[in-house]
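*Asks:* One file is attached below, coords_6.cif, containing mmCIF, C-alpha atoms and all ligand atoms.
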```
data_protein
#
loop_
_atom_site.group_PDB
_atom_site.id
_atom_site.type_symbol
_atom_site.label_atom_id
_atom_site.label_comp_id
_atom_site.auth_asym_id
_atom_site.auth_seq_id
_atom_site.Cartn_x
_atom_site.Cartn_y
_atom_site.Cartn_z
ATOM 1 C CA MET A 296 -72.972 -57.035 50.950
ATOM 2 C CA SER A 297 -75.485 -54.401 49.882
ATOM 3 C CA LYS A 298 -77.134 -52.126 52.431
ATOM 4 C CA LEU A 299 -80.753 -51.134 52.953
ATOM 5 C CA VAL A 300 -81.839 -48.252 55.167
ATOM 6 C CA VAL A 301 -85.377 -48.413 56.506
ATOM 7 C CA VAL A 302 -86.973 -45.381 58.107
ATOM 8 C CA GLY A 303 -90.446 -45.592 59.607
ATOM 9 C CA THR A 304 -92.397 -45.891 62.804
ATOM 10 C CA VAL A 305 -91.558 -48.393 65.518
ATOM 11 C CA ALA A 306 -94.769 -48.308 67.446
ATOM 12 C CA PHE A 307 -97.388 -49.598 69.802
ATOM 13 C CA ASP A 308 -100.590 -50.675 68.055
ATOM 14 C CA ALA A 309 -104.001 -51.582 69.483
ATOM 15 C CA ILE A 310 -106.043 -53.485 66.921
ATOM 16 C CA GLU A 311 -109.589 -54.697 66.629
ATOM 17 C CA THR A 312 -110.651 -57.119 63.894
ATOM 18 C CA PRO A 313 -113.778 -59.293 63.596
ATOM 19 C CA PHE A 314 -111.632 -62.043 65.190
ATOM 20 C CA GLY A 315 -110.495 -60.280 68.321
ATOM 21 C CA LYS A 316 -108.907 -57.315 69.955
ATOM 22 C CA THR A 317 -105.415 -56.558 71.277
ATOM 23 C CA ASP A 318 -104.034 -54.182 73.871
ATOM 24 C CA LYS A 319 -100.846 -52.317 72.991
ATOM 25 C CA ILE A 320 -98.660 -54.648 70.953
ATOM 26 C CA LEU A 321 -95.538 -54.138 68.876
ATOM 27 C CA GLY A 322 -96.239 -52.477 65.515
ATOM 28 C CA GLY A 323 -94.982 -49.733 63.273
ATOM 29 C CA ALA A 324 -94.118 -49.468 59.613
ATOM 30 C CA ALA A 325 -90.352 -49.904 60.094
ATOM 31 C CA THR A 326 -90.916 -52.957 62.277
ATOM 32 C CA PHE A 327 -92.926 -54.791 59.615
ATOM 33 C CA ILE A 328 -90.626 -53.642 56.790
ATOM 34 C CA GLY A 329 -87.523 -54.756 58.698
ATOM 35 C CA LEU A 330 -88.974 -58.152 59.629
ATOM 36 C CA ALA A 331 -89.513 -58.903 55.934
ATOM 37 C CA ALA A 332 -86.347 -57.297 54.537
ATOM 38 C CA ALA A 333 -84.087 -59.067 57.034
ATOM 39 C CA HIS A 334 -84.760 -62.364 55.229
ATOM 40 C CA PHE A 335 -82.637 -61.213 52.287
ATOM 41 C CA ASN A 336 -78.905 -61.114 51.787
ATOM 42 C CA THR A 337 -78.543 -57.414 52.558
ATOM 43 C CA GLU A 338 -77.647 -55.414 55.671
ATOM 44 C CA VAL A 339 -80.808 -53.815 57.070
ATOM 45 C CA GLY A 340 -80.448 -50.673 59.211
ATOM 46 C CA LEU A 341 -83.532 -49.242 60.949
ATOM 47 C CA VAL A 342 -83.871 -45.505 61.564
ATOM 48 C CA SER A 343 -86.659 -44.593 63.966
ATOM 49 C CA VAL A 344 -87.493 -43.271 67.413
ATOM 50 C CA VAL A 345 -89.149 -44.779 70.488
ATOM 51 C CA GLY A 346 -89.922 -43.558 73.986
ATOM 52 C CA GLY A 347 -88.670 -44.695 77.384
ATOM 53 C CA ASP A 348 -91.795 -46.887 77.597
ATOM 54 C CA PHE A 349 -90.596 -49.128 74.759
ATOM 55 C CA PRO A 350 -89.653 -52.590 76.069
ATOM 56 C CA GLU A 351 -86.003 -53.540 75.702
ATOM 57 C CA ASN A 352 -86.947 -57.073 74.629
ATOM 58 C CA TYR A 353 -88.668 -55.707 71.494
ATOM 59 C CA LEU A 354 -85.395 -54.067 70.473
ATOM 60 C CA THR A 355 -83.521 -57.283 71.194
ATOM 61 C CA MET A 356 -85.999 -59.183 69.041
ATOM 62 C CA LEU A 357 -85.336 -56.841 66.093
ATOM 63 C CA GLU A 358 -81.588 -57.363 66.519
ATOM 64 C CA ASP A 359 -82.027 -61.121 66.819
ATOM 65 C CA ARG A 360 -83.922 -61.129 63.530
ATOM 66 C CA GLY A 361 -80.873 -59.569 61.866
ATOM 67 C CA MET A 362 -81.581 -55.832 61.899
ATOM 68 C CA ASN A 363 -79.094 -53.131 62.855
ATOM 69 C CA ILE A 364 -80.860 -50.886 65.392
ATOM 70 C CA GLU A 365 -78.107 -48.303 65.899
ATOM 71 C CA GLY A 366 -80.378 -45.751 64.157
ATOM 72 C CA ILE A 367 -83.276 -46.209 66.592
ATOM 73 C CA GLU A 368 -83.176 -43.260 68.953
ATOM 74 C CA ILE A 369 -84.562 -43.763 72.464
ATOM 75 C CA VAL A 370 -86.071 -40.654 74.045
ATOM 76 C CA SER A 371 -86.229 -41.833 77.652
ATOM 77 C CA GLU A 372 -88.574 -39.087 78.870
ATOM 78 C CA GLY A 373 -90.936 -39.520 75.867
ATOM 79 C CA LYS A 374 -93.713 -41.894 74.823
ATOM 80 C CA THR A 375 -93.625 -44.221 71.824
ATOM 81 C CA PHE A 376 -95.817 -43.527 68.748
ATOM 82 C CA PHE A 377 -99.241 -45.136 69.245
ATOM 83 C CA TRP A 378 -101.771 -46.139 66.603
ATOM 84 C CA SER A 379 -105.106 -47.830 67.048
ATOM 85 C CA GLY A 380 -107.408 -49.162 64.336
ATOM 86 C CA LYS A 381 -110.595 -51.126 63.883
ATOM 87 C CA TYR A 382 -111.324 -53.263 60.826
ATOM 88 C CA HIS A 383 -114.738 -53.585 59.239
ATOM 89 C CA ASN A 384 -116.240 -56.988 58.565
ATOM 90 C CA ASP A 385 -114.719 -57.319 55.091
ATOM 91 C CA MET A 386 -111.286 -56.362 56.529
ATOM 92 C CA ASN A 387 -110.474 -54.381 53.378
ATOM 93 C CA THR A 388 -111.321 -51.171 55.147
ATOM 94 C CA ARG A 389 -110.504 -49.893 58.602
ATOM 95 C CA ASP A 390 -111.061 -46.875 60.776
ATOM 96 C CA THR A 391 -108.159 -45.239 62.538
ATOM 97 C CA LEU A 392 -109.261 -44.715 66.138
ATOM 98 C CA ALA A 393 -106.129 -42.952 67.399
ATOM 99 C CA THR A 394 -102.805 -41.668 66.105
ATOM 100 C CA GLU A 395 -100.598 -40.307 68.896
ATOM 101 C CA LEU A 396 -97.353 -39.023 67.418
ATOM 102 C CA ASN A 397 -95.612 -38.628 70.811
ATOM 103 C CA VAL A 398 -91.808 -38.842 70.253
ATOM 104 C CA LEU A 399 -92.359 -38.778 66.496
ATOM 105 C CA ALA A 400 -93.503 -35.157 66.699
ATOM 106 C CA ASP A 401 -89.929 -33.873 67.245
ATOM 107 C CA PHE A 402 -87.991 -36.598 65.520
ATOM 108 C CA ASN A 403 -84.818 -35.653 63.649
ATOM 109 C CA PRO A 404 -83.607 -38.818 61.947
ATOM 110 C CA VAL A 405 -79.895 -39.593 62.024
ATOM 111 C CA VAL A 406 -78.725 -42.240 59.559
ATOM 112 C CA PRO A 407 -75.768 -44.074 61.146
ATOM 113 C CA GLU A 408 -72.412 -43.475 59.399
ATOM 114 C CA HIS A 409 -72.236 -47.093 58.243
ATOM 115 C CA PHE A 410 -75.565 -46.784 56.394
ATOM 116 C CA LYS A 411 -75.040 -43.401 54.740
ATOM 117 C CA ASN A 412 -73.835 -45.179 51.577
ATOM 118 C CA ALA A 413 -76.810 -47.555 51.482
ATOM 119 C CA ASN A 414 -77.764 -48.905 48.069
ATOM 120 C CA VAL A 415 -81.492 -48.812 48.709
ATOM 121 C CA VAL A 416 -83.501 -46.580 51.033
ATOM 122 C CA MET A 417 -86.993 -47.602 52.090
ATOM 123 C CA LEU A 418 -88.874 -44.544 53.322
ATOM 124 C CA GLY A 419 -91.594 -46.172 55.397
ATOM 125 C CA ASN A 420 -94.707 -44.418 56.444
ATOM 126 C CA LEU A 421 -94.074 -41.376 58.662
ATOM 127 C CA HIS A 422 -93.946 -37.613 58.498
ATOM 128 C CA PRO A 423 -92.693 -36.482 55.057
ATOM 129 C CA ALA A 424 -90.304 -34.012 56.703
ATOM 130 C CA VAL A 425 -88.546 -36.948 58.378
ATOM 131 C CA GLN A 426 -88.483 -38.845 55.076
ATOM 132 C CA LEU A 427 -86.896 -35.779 53.434
ATOM 133 C CA GLY A 428 -84.262 -35.680 56.180
ATOM 134 C CA VAL A 429 -83.308 -39.261 55.368
ATOM 135 C CA ILE A 430 -83.146 -38.627 51.612
ATOM 136 C CA GLU A 431 -80.709 -35.791 52.290
ATOM 137 C CA GLN A 432 -78.433 -38.134 54.268
ATOM 138 C CA THR A 433 -78.499 -40.888 51.631
ATOM 139 C CA LYS A 434 -78.049 -38.920 48.433
ATOM 140 C CA ASP A 435 -75.858 -41.555 46.744
ATOM 141 C CA ALA A 436 -78.357 -44.387 47.045
ATOM 142 C CA ASP A 437 -79.289 -46.207 43.825
ATOM 143 C CA LEU A 438 -82.942 -46.332 44.753
ATOM 144 C CA HIS A 439 -85.265 -44.420 47.069
ATOM 145 C CA ILE A 440 -88.611 -46.125 47.668
ATOM 146 C CA LEU A 441 -91.454 -44.257 49.340
ATOM 147 C CA ASP A 442 -94.457 -45.542 51.223
ATOM 148 C CA THR A 443 -97.021 -43.176 52.676
ATOM 149 C CA MET A 444 -100.654 -42.979 53.683
ATOM 150 C CA ASN A 445 -103.726 -40.730 53.679
ATOM 151 C CA PHE A 446 -102.901 -39.392 57.166
ATOM 152 C CA TRP A 447 -99.929 -37.487 55.690
ATOM 153 C CA MET A 448 -101.876 -36.435 52.581
ATOM 154 C CA ASP A 449 -104.381 -34.819 54.916
ATOM 155 C CA SER A 450 -101.862 -33.219 57.251
ATOM 156 C CA ALA A 451 -98.665 -32.467 55.256
ATOM 157 C CA LEU A 452 -99.474 -32.624 51.538
ATOM 158 C CA ASP A 453 -96.966 -30.014 50.359
ATOM 159 C CA GLN A 454 -94.041 -31.692 52.102
ATOM 160 C CA LEU A 455 -95.264 -35.064 50.884
ATOM 161 C CA LYS A 456 -95.244 -33.814 47.280
ATOM 162 C CA GLU A 457 -91.669 -32.629 47.797
ATOM 163 C CA VAL A 458 -90.699 -36.154 48.868
ATOM 164 C CA ILE A 459 -92.623 -37.758 45.997
ATOM 165 C CA ALA A 460 -90.655 -35.600 43.536
ATOM 166 C CA LYS A 461 -87.372 -37.024 44.873
ATOM 167 C CA VAL A 462 -88.031 -40.779 44.915
ATOM 168 C CA ASP A 463 -87.667 -43.500 42.266
ATOM 169 C CA VAL A 464 -90.497 -45.750 43.435
ATOM 170 C CA ILE A 465 -93.710 -45.074 45.331
ATOM 171 C CA THR A 466 -95.835 -47.782 46.943
ATOM 172 C CA ILE A 467 -99.305 -46.641 47.837
ATOM 173 C CA ASN A 468 -102.716 -48.262 48.259
ATOM 174 C CA ASP A 469 -105.541 -47.827 45.769
ATOM 175 C CA GLU A 470 -107.628 -45.462 47.889
ATOM 176 C CA GLU A 471 -104.588 -43.272 48.575
ATOM 177 C CA ALA A 472 -103.569 -43.271 44.896
ATOM 178 C CA ARG A 473 -107.040 -41.959 44.071
ATOM 179 C CA GLN A 474 -106.827 -39.322 46.808
ATOM 180 C CA LEU A 475 -103.370 -38.163 45.699
ATOM 181 C CA SER A 476 -104.147 -38.016 41.974
ATOM 182 C CA ARG A 477 -107.830 -37.088 42.183
ATOM 183 C CA GLU A 478 -108.448 -39.775 39.553
ATOM 184 C CA TYR A 479 -110.669 -42.833 39.922
ATOM 185 C CA SER A 480 -109.025 -45.033 37.270
ATOM 186 C CA LEU A 481 -105.860 -46.519 38.747
ATOM 187 C CA VAL A 482 -104.190 -46.410 35.318
ATOM 188 C CA THR A 483 -104.785 -42.669 35.080
ATOM 189 C CA ALA A 484 -103.892 -42.237 38.744
ATOM 190 C CA ALA A 485 -100.554 -44.013 38.164
ATOM 191 C CA LYS A 486 -99.845 -41.758 35.171
ATOM 192 C CA LYS A 487 -100.454 -38.640 37.239
ATOM 193 C CA ILE A 488 -98.275 -39.951 40.070
ATOM 194 C CA HIS A 489 -95.503 -40.725 37.520
ATOM 195 C CA GLU A 490 -95.665 -37.074 36.521
ATOM 196 C CA MET A 491 -95.057 -36.092 40.154
ATOM 197 C CA GLY A 492 -91.644 -37.837 40.054
ATOM 198 C CA PRO A 493 -91.416 -41.602 40.634
ATOM 199 C CA LYS A 494 -90.403 -43.738 37.635
ATOM 200 C CA PHE A 495 -92.139 -46.744 39.167
ATOM 201 C CA VAL A 496 -95.566 -46.672 40.790
ATOM 202 C CA VAL A 497 -96.783 -49.637 42.843
ATOM 203 C CA ILE A 498 -100.465 -49.610 43.754
ATOM 204 C CA LYS A 499 -101.434 -52.063 46.523
ATOM 205 C CA LYS A 500 -104.944 -53.414 46.449
ATOM 206 C CA GLY A 501 -105.010 -55.423 49.678
ATOM 207 C CA GLU A 502 -106.409 -58.912 49.176
ATOM 208 C CA HIS A 503 -106.751 -58.102 45.465
ATOM 209 C CA GLY A 504 -103.006 -57.936 44.828
ATOM 210 C CA ALA A 505 -100.713 -55.185 43.579
ATOM 211 C CA LEU A 506 -100.069 -53.347 40.306
ATOM 212 C CA LEU A 507 -96.688 -52.148 39.070
ATOM 213 C CA PHE A 508 -96.603 -49.276 36.568
ATOM 214 C CA HIS A 509 -93.561 -48.092 34.609
ATOM 215 C CA ASN A 510 -94.134 -45.774 31.650
ATOM 216 C CA ASP A 511 -96.708 -47.671 29.578
ATOM 217 C CA GLU A 512 -95.961 -51.081 31.056
ATOM 218 C CA ILE A 513 -98.154 -52.697 33.714
ATOM 219 C CA PHE A 514 -97.588 -55.836 35.765
ATOM 220 C CA PHE A 515 -99.990 -57.428 38.228
ATOM 221 C CA ALA A 516 -99.204 -59.651 41.224
ATOM 222 C CA PRO A 517 -102.099 -61.384 42.956
ATOM 223 C CA ALA A 518 -102.403 -61.733 46.686
ATOM 224 C CA LEU A 519 -102.444 -65.359 47.741
ATOM 225 C CA PRO A 520 -106.007 -66.453 48.548
ATOM 226 C CA LEU A 521 -105.742 -67.527 52.201
ATOM 227 C CA GLU A 522 -108.039 -69.611 54.362
ATOM 228 C CA GLU A 523 -107.406 -67.458 57.391
ATOM 229 C CA VAL A 524 -106.845 -63.726 57.545
ATOM 230 C CA PHE A 525 -106.613 -62.586 61.120
ATOM 231 C CA ASP A 526 -105.258 -59.069 61.031
ATOM 232 C CA PRO A 527 -104.284 -57.089 57.908
ATOM 233 C CA THR A 528 -102.266 -54.523 59.924
ATOM 234 C CA GLY A 529 -98.814 -54.124 58.491
ATOM 235 C CA ALA A 530 -99.548 -56.033 55.277
ATOM 236 C CA GLY A 531 -98.624 -52.979 53.205
ATOM 237 C CA ASP A 532 -95.406 -52.428 55.138
ATOM 238 C CA THR A 533 -94.472 -56.086 54.991
ATOM 239 C CA PHE A 534 -95.076 -55.964 51.247
ATOM 240 C CA ALA A 535 -92.736 -52.947 51.031
ATOM 241 C CA GLY A 536 -90.123 -54.785 53.124
ATOM 242 C CA GLY A 537 -90.143 -57.836 50.864
ATOM 243 C CA PHE A 538 -90.023 -55.592 47.803
ATOM 244 C CA ALA A 539 -87.143 -53.423 49.066
ATOM 245 C CA GLY A 540 -85.189 -56.334 50.598
ATOM 246 C CA PHE A 541 -85.320 -58.304 47.363
ATOM 247 C CA LEU A 542 -84.206 -55.330 45.261
ATOM 248 C CA ALA A 543 -81.370 -54.431 47.638
ATOM 249 C CA ALA A 544 -80.087 -58.011 47.672
ATOM 250 C CA SER A 545 -80.284 -58.459 43.900
ATOM 251 C CA ASN A 546 -78.853 -55.048 43.026
ATOM 252 C CA ASP A 547 -80.973 -54.922 39.860
ATOM 253 C CA TYR A 548 -83.549 -52.145 39.574
ATOM 254 C CA SER A 549 -84.976 -52.986 36.154
ATOM 255 C CA PHE A 550 -88.704 -53.330 35.479
ATOM 256 C CA GLU A 551 -88.215 -57.107 35.019
ATOM 257 C CA ASN A 552 -86.674 -57.416 38.460
ATOM 258 C CA MET A 553 -89.296 -55.149 40.034
ATOM 259 C CA LYS A 554 -91.888 -57.687 38.838
ATOM 260 C CA ARG A 555 -90.115 -60.341 40.918
ATOM 261 C CA ALA A 556 -89.863 -57.887 43.806
ATOM 262 C CA ILE A 557 -93.626 -57.349 43.960
ATOM 263 C CA ILE A 558 -94.161 -61.106 43.967
ATOM 264 C CA TYR A 559 -91.779 -61.308 46.952
ATOM 265 C CA GLY A 560 -93.621 -58.434 48.588
ATOM 266 C CA SER A 561 -96.964 -60.178 48.142
ATOM 267 C CA ASN A 562 -95.475 -63.408 49.439
ATOM 268 C CA PHE A 563 -94.303 -61.815 52.698
ATOM 269 C CA ALA A 564 -97.554 -59.898 53.133
ATOM 270 C CA SER A 565 -99.478 -63.166 52.955
ATOM 271 C CA PHE A 566 -97.728 -64.282 56.155
ATOM 272 C CA ALA A 567 -98.157 -60.994 58.016
ATOM 273 C CA VAL A 568 -101.954 -61.218 57.992
ATOM 274 C CA GLU A 569 -102.130 -64.716 59.462
ATOM 275 C CA LYS A 570 -101.749 -63.575 63.080
ATOM 276 C CA PHE A 571 -102.162 -60.383 65.085
ATOM 277 C CA GLY A 572 -99.497 -57.705 64.748
ATOM 278 C CA THR A 573 -95.957 -58.848 64.014
ATOM 279 C CA GLU A 574 -96.402 -62.301 65.563
ATOM 280 C CA ARG A 575 -96.337 -64.306 62.341
ATOM 281 C CA MET A 576 -93.497 -62.285 60.819
ATOM 282 C CA GLN A 577 -91.368 -63.010 63.873
ATOM 283 C CA THR A 578 -91.522 -66.754 63.272
ATOM 284 C CA VAL A 579 -91.776 -67.206 59.496
ATOM 285 C CA THR A 580 -88.896 -69.293 58.097
ATOM 286 C CA ASN A 581 -87.075 -69.120 54.761
ATOM 287 C CA ASP A 582 -88.362 -72.591 54.025
ATOM 288 C CA GLU A 583 -91.989 -71.484 54.444
ATOM 289 C CA ILE A 584 -91.297 -68.473 52.234
ATOM 290 C CA SER A 585 -89.821 -70.625 49.451
ATOM 291 C CA LYS A 586 -92.739 -73.053 49.576
ATOM 292 C CA ARG A 587 -95.277 -70.266 49.303
ATOM 293 C CA LEU A 588 -93.397 -68.788 46.377
ATOM 294 C CA GLU A 589 -94.151 -72.011 44.500
ATOM 295 C CA GLN A 590 -97.842 -71.497 45.302
ATOM 296 C CA PHE A 591 -97.590 -68.014 43.803
ATOM 297 C CA LYS A 592 -96.078 -69.438 40.643
ATOM 298 C CA ALA A 593 -98.798 -72.084 40.349
ATOM 299 C CA LEU A 594 -101.521 -69.513 40.983
ATOM 300 C CA THR A 595 -100.618 -67.375 37.992
ATOM 301 C CA LYS A 596 -99.097 -69.783 35.493
ATOM 302 C CA PHE A 597 -101.196 -70.671 32.472
ATOM 303 C CA GLU A 598 -100.797 -71.555 28.837
ATOM 304 C CA ILE A 599 -103.058 -70.770 25.951
ATOM 305 C CA LEU A 600 -102.954 -73.300 23.124
ATOM 306 C CA SER A 601 -103.199 -71.614 19.755
HETATM 307 P P1 LIG B 1 -100.357 -50.830 57.209
HETATM 308 O O1 LIG B 1 -101.414 -51.771 57.720
HETATM 309 O O2 LIG B 1 -99.389 -51.479 56.269
HETATM 310 O O3 LIG B 1 -100.926 -49.562 56.683
HETATM 311 O O4 LIG B 1 -99.460 -50.413 58.452
HETATM 312 C C1 LIG B 1 -99.923 -50.301 59.740
HETATM 313 C C2 LIG B 1 -98.770 -49.868 60.632
HETATM 314 O O5 LIG B 1 -98.467 -48.508 60.348
HETATM 315 C C3 LIG B 1 -99.128 -49.954 62.109
HETATM 316 O O6 LIG B 1 -98.236 -50.854 62.727
HETATM 317 C C4 LIG B 1 -98.968 -48.536 62.648
HETATM 318 O O7 LIG B 1 -98.191 -48.458 63.806
HETATM 319 C C5 LIG B 1 -98.305 -47.769 61.529
HETATM 320 N N1 LIG B 1 -98.977 -46.477 61.310
HETATM 321 C C6 LIG B 1 -100.294 -46.196 61.375
HETATM 322 N N2 LIG B 1 -100.544 -44.901 61.117
HETATM 323 C C7 LIG B 1 -99.338 -44.338 60.862
HETATM 324 C C8 LIG B 1 -98.910 -43.015 60.513
HETATM 325 N N3 LIG B 1 -99.762 -41.991 60.382
HETATM 326 N N4 LIG B 1 -97.592 -42.818 60.313
HETATM 327 C C9 LIG B 1 -96.725 -43.829 60.433
HETATM 328 N N5 LIG B 1 -97.037 -45.091 60.763
HETATM 329 C C10 LIG B 1 -98.341 -45.347 60.975
#
```
Starting from the file, lay out its structure as structure tokens.
*Replies:*
Amino acid sequence: MSKLVVVGTVAFDAIETPFGKTDKILGGAATFIGLAAAHFNTEVGLVSVVGGDFPENYLTMLEDRGMNIEGIEIVSEGKTFFWSGKYHNDMNTRDTLATELNVLADFNPVVPEHFKNANVVMLGNLHPAVQLGVIEQTKDADLHILDTMNFWMDSALDQLKEVIAKVDVITINDEEARQLSREYSLVTAAKKIHEMGPKFVVIKKGEHGALLFHNDEIFFAPALPLEEVFDPTGAGDTFAGGFAGFLAASNDYSFENMKRAIIYGSNFASFAVEKFGTERMQTVTNDEISKRLEQFKALTKFEILS
């Protein structure tokens, strides 16, 4: 079976949306990525760090959902990464209220021996220096996929550029693509980001879907129009998890297969937003995923009679 390494935050989140507010709940990029990727026929190994305040039952839950958590370091005297955000009424934009790095500040990732020969490496959102550390331990991987966010562009741009130069695929949201490239047009932004290194550029546009760029080719996947969107937190990570999990399981990294991968990513993300935090992703079944995939097909299929 193929192997997928996921590095990213395993965190506490406090979220406010127009529909309600939570205290500290389970969050983190690696958590959402892993919950999606674990649905595929690939071994998923998480690499992250948590503090002594992190509940044991959260770790058990990740294991029960099929993830290998050997690479999650527990710093018993430290505190877990904490992020808090508040969504605006349209839920396409949010303000970050707090980012407390805590144990993440001194994190030195160690990829477990068993995962050093992983086929695919998903570098979830965290400090680019940590992402670099993981790339160095997984040099033989077929595919390195990078996700990042404006926080790291603002605080560690040079290191981030070093990571970008070493990866095959980058997934980034539209606002961040504009910030990174200093271009407004997403087509031009993708071109500039290509020039920084990645052969494939995926630009996520929230409820407006995702674009895949490869040389001069472009593919678009819609987001499923949903009746209820409760909390968009983690949608981008869940998208990345579905994308990476599908690619790792299919062992085909062509543009054609990447198109399918972004449909899978969008499919998983559509579940993540239905409840607060990771709640929906903890319960979603393969049957529900397959049914929704049919909805995706129906949404975009059309014929033009000539
Ligand atoms: P998303 O909504 O896909 O951007 O992901 C939100 C998740 O990312 C939350 O669960 C947070 O814990 C995590 N997160 C927020 N800010 C950061 C950051 N600066 N670095 C790493 N993870 C973060």
*Asks:* Using only C-alpha atoms, which of A:His334, A:Lys500, A:Lys319, A:Arg473 sits nearest Ile584 in chain A?
*Replies:*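 When distances to Ile584 in chain A are compared using only C-alpha atoms, the smallest one comes from A:His334.
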*Asks:* Return as a list of chain:residue names the set of residues that the PyMOL selection byres (((chain A and resi 553-563) around 7) and not hetatm) yields on the displayed structure.
*Replies:*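 Selected by the PyMOL selection byres (((chain A and resi 553-563) around 7) and not hetatm) here: A:Ala331, A:Phe514, A:Ala516, A:Ala518, A:Thr533, A:Phe534, A:Ala535, A:Gly536, A:Gly537, A:Phe538, A:Phe541, A:Leu542, A:Tyr548, A:Ser549, A:Phe550, A:Glu551, A:Asn552, A:Ala564, A:Ser565, A:Phe566, A:Ala567, A:Arg587, A:Leu588.
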*Asks:* Name the residues that the PyMOL selection byres (((chain A and resi 469) around 7) and not hetatm) picks from the file above, as a ChimeraX atom specification, using the file's chain letters and numbers.
*Replies:* /A:467-468,470-473,498-500
*Asks:* Between A:Val339, A:Leu396, A:Val568, A:Leu521, single out the one closest to Val301 in chain A, counting only C-alpha atoms.
*Replies:*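 Counting only C-alpha atoms, the residue closest to Val301 in chain A is A:Val339.
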*Asks:* Using only C-alpha atoms and all ligand atoms, which residues have at least one atom no more than 7 Å from ligand LIG 1 (chain B)? Output them as a list in words.
*Replies:*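 These are the residues that qualify: Gly303, Thr304, Val305, Ala306, Phe307, Asp308, Gly322, Gly323, Ala324, Phe377, Trp378, Thr394, Asn420, Leu421, His422, Met444, Phe446, Trp447, Pro527, Thr528, Gly529, Ala530, Gly531, Asp532 and Thr533 of chain A.
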*Asks:* Which of these residues is nearest to Gly419 in chain A, using only C-alpha atoms: A:Lys298, A:His439, A:His509, A:Arg389?
*Replies:* A:His439
*Asks:* Around all listed atoms of range 434-444 of chain A, padded 8 Å per side, what centre and edge lengths does the axis-aligned box have in Å to one decimal, as JSON?
*Replies:*
```
{"center_x": -88.3, "center_y": -42.6, "center_z": 48.8, "size_x": 40.8, "size_y": 23.4, "size_z": 25.9}
```
*Asks:* Find the residue from A:Val344, A:Glu351, A:Thr595, A:Lys486 that sits nearest to Gly504 in chain A; use all atoms listed in the file when measuring.
*Replies:*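 Selected residue with least distance to Gly504 in chain A: A:Thr595.
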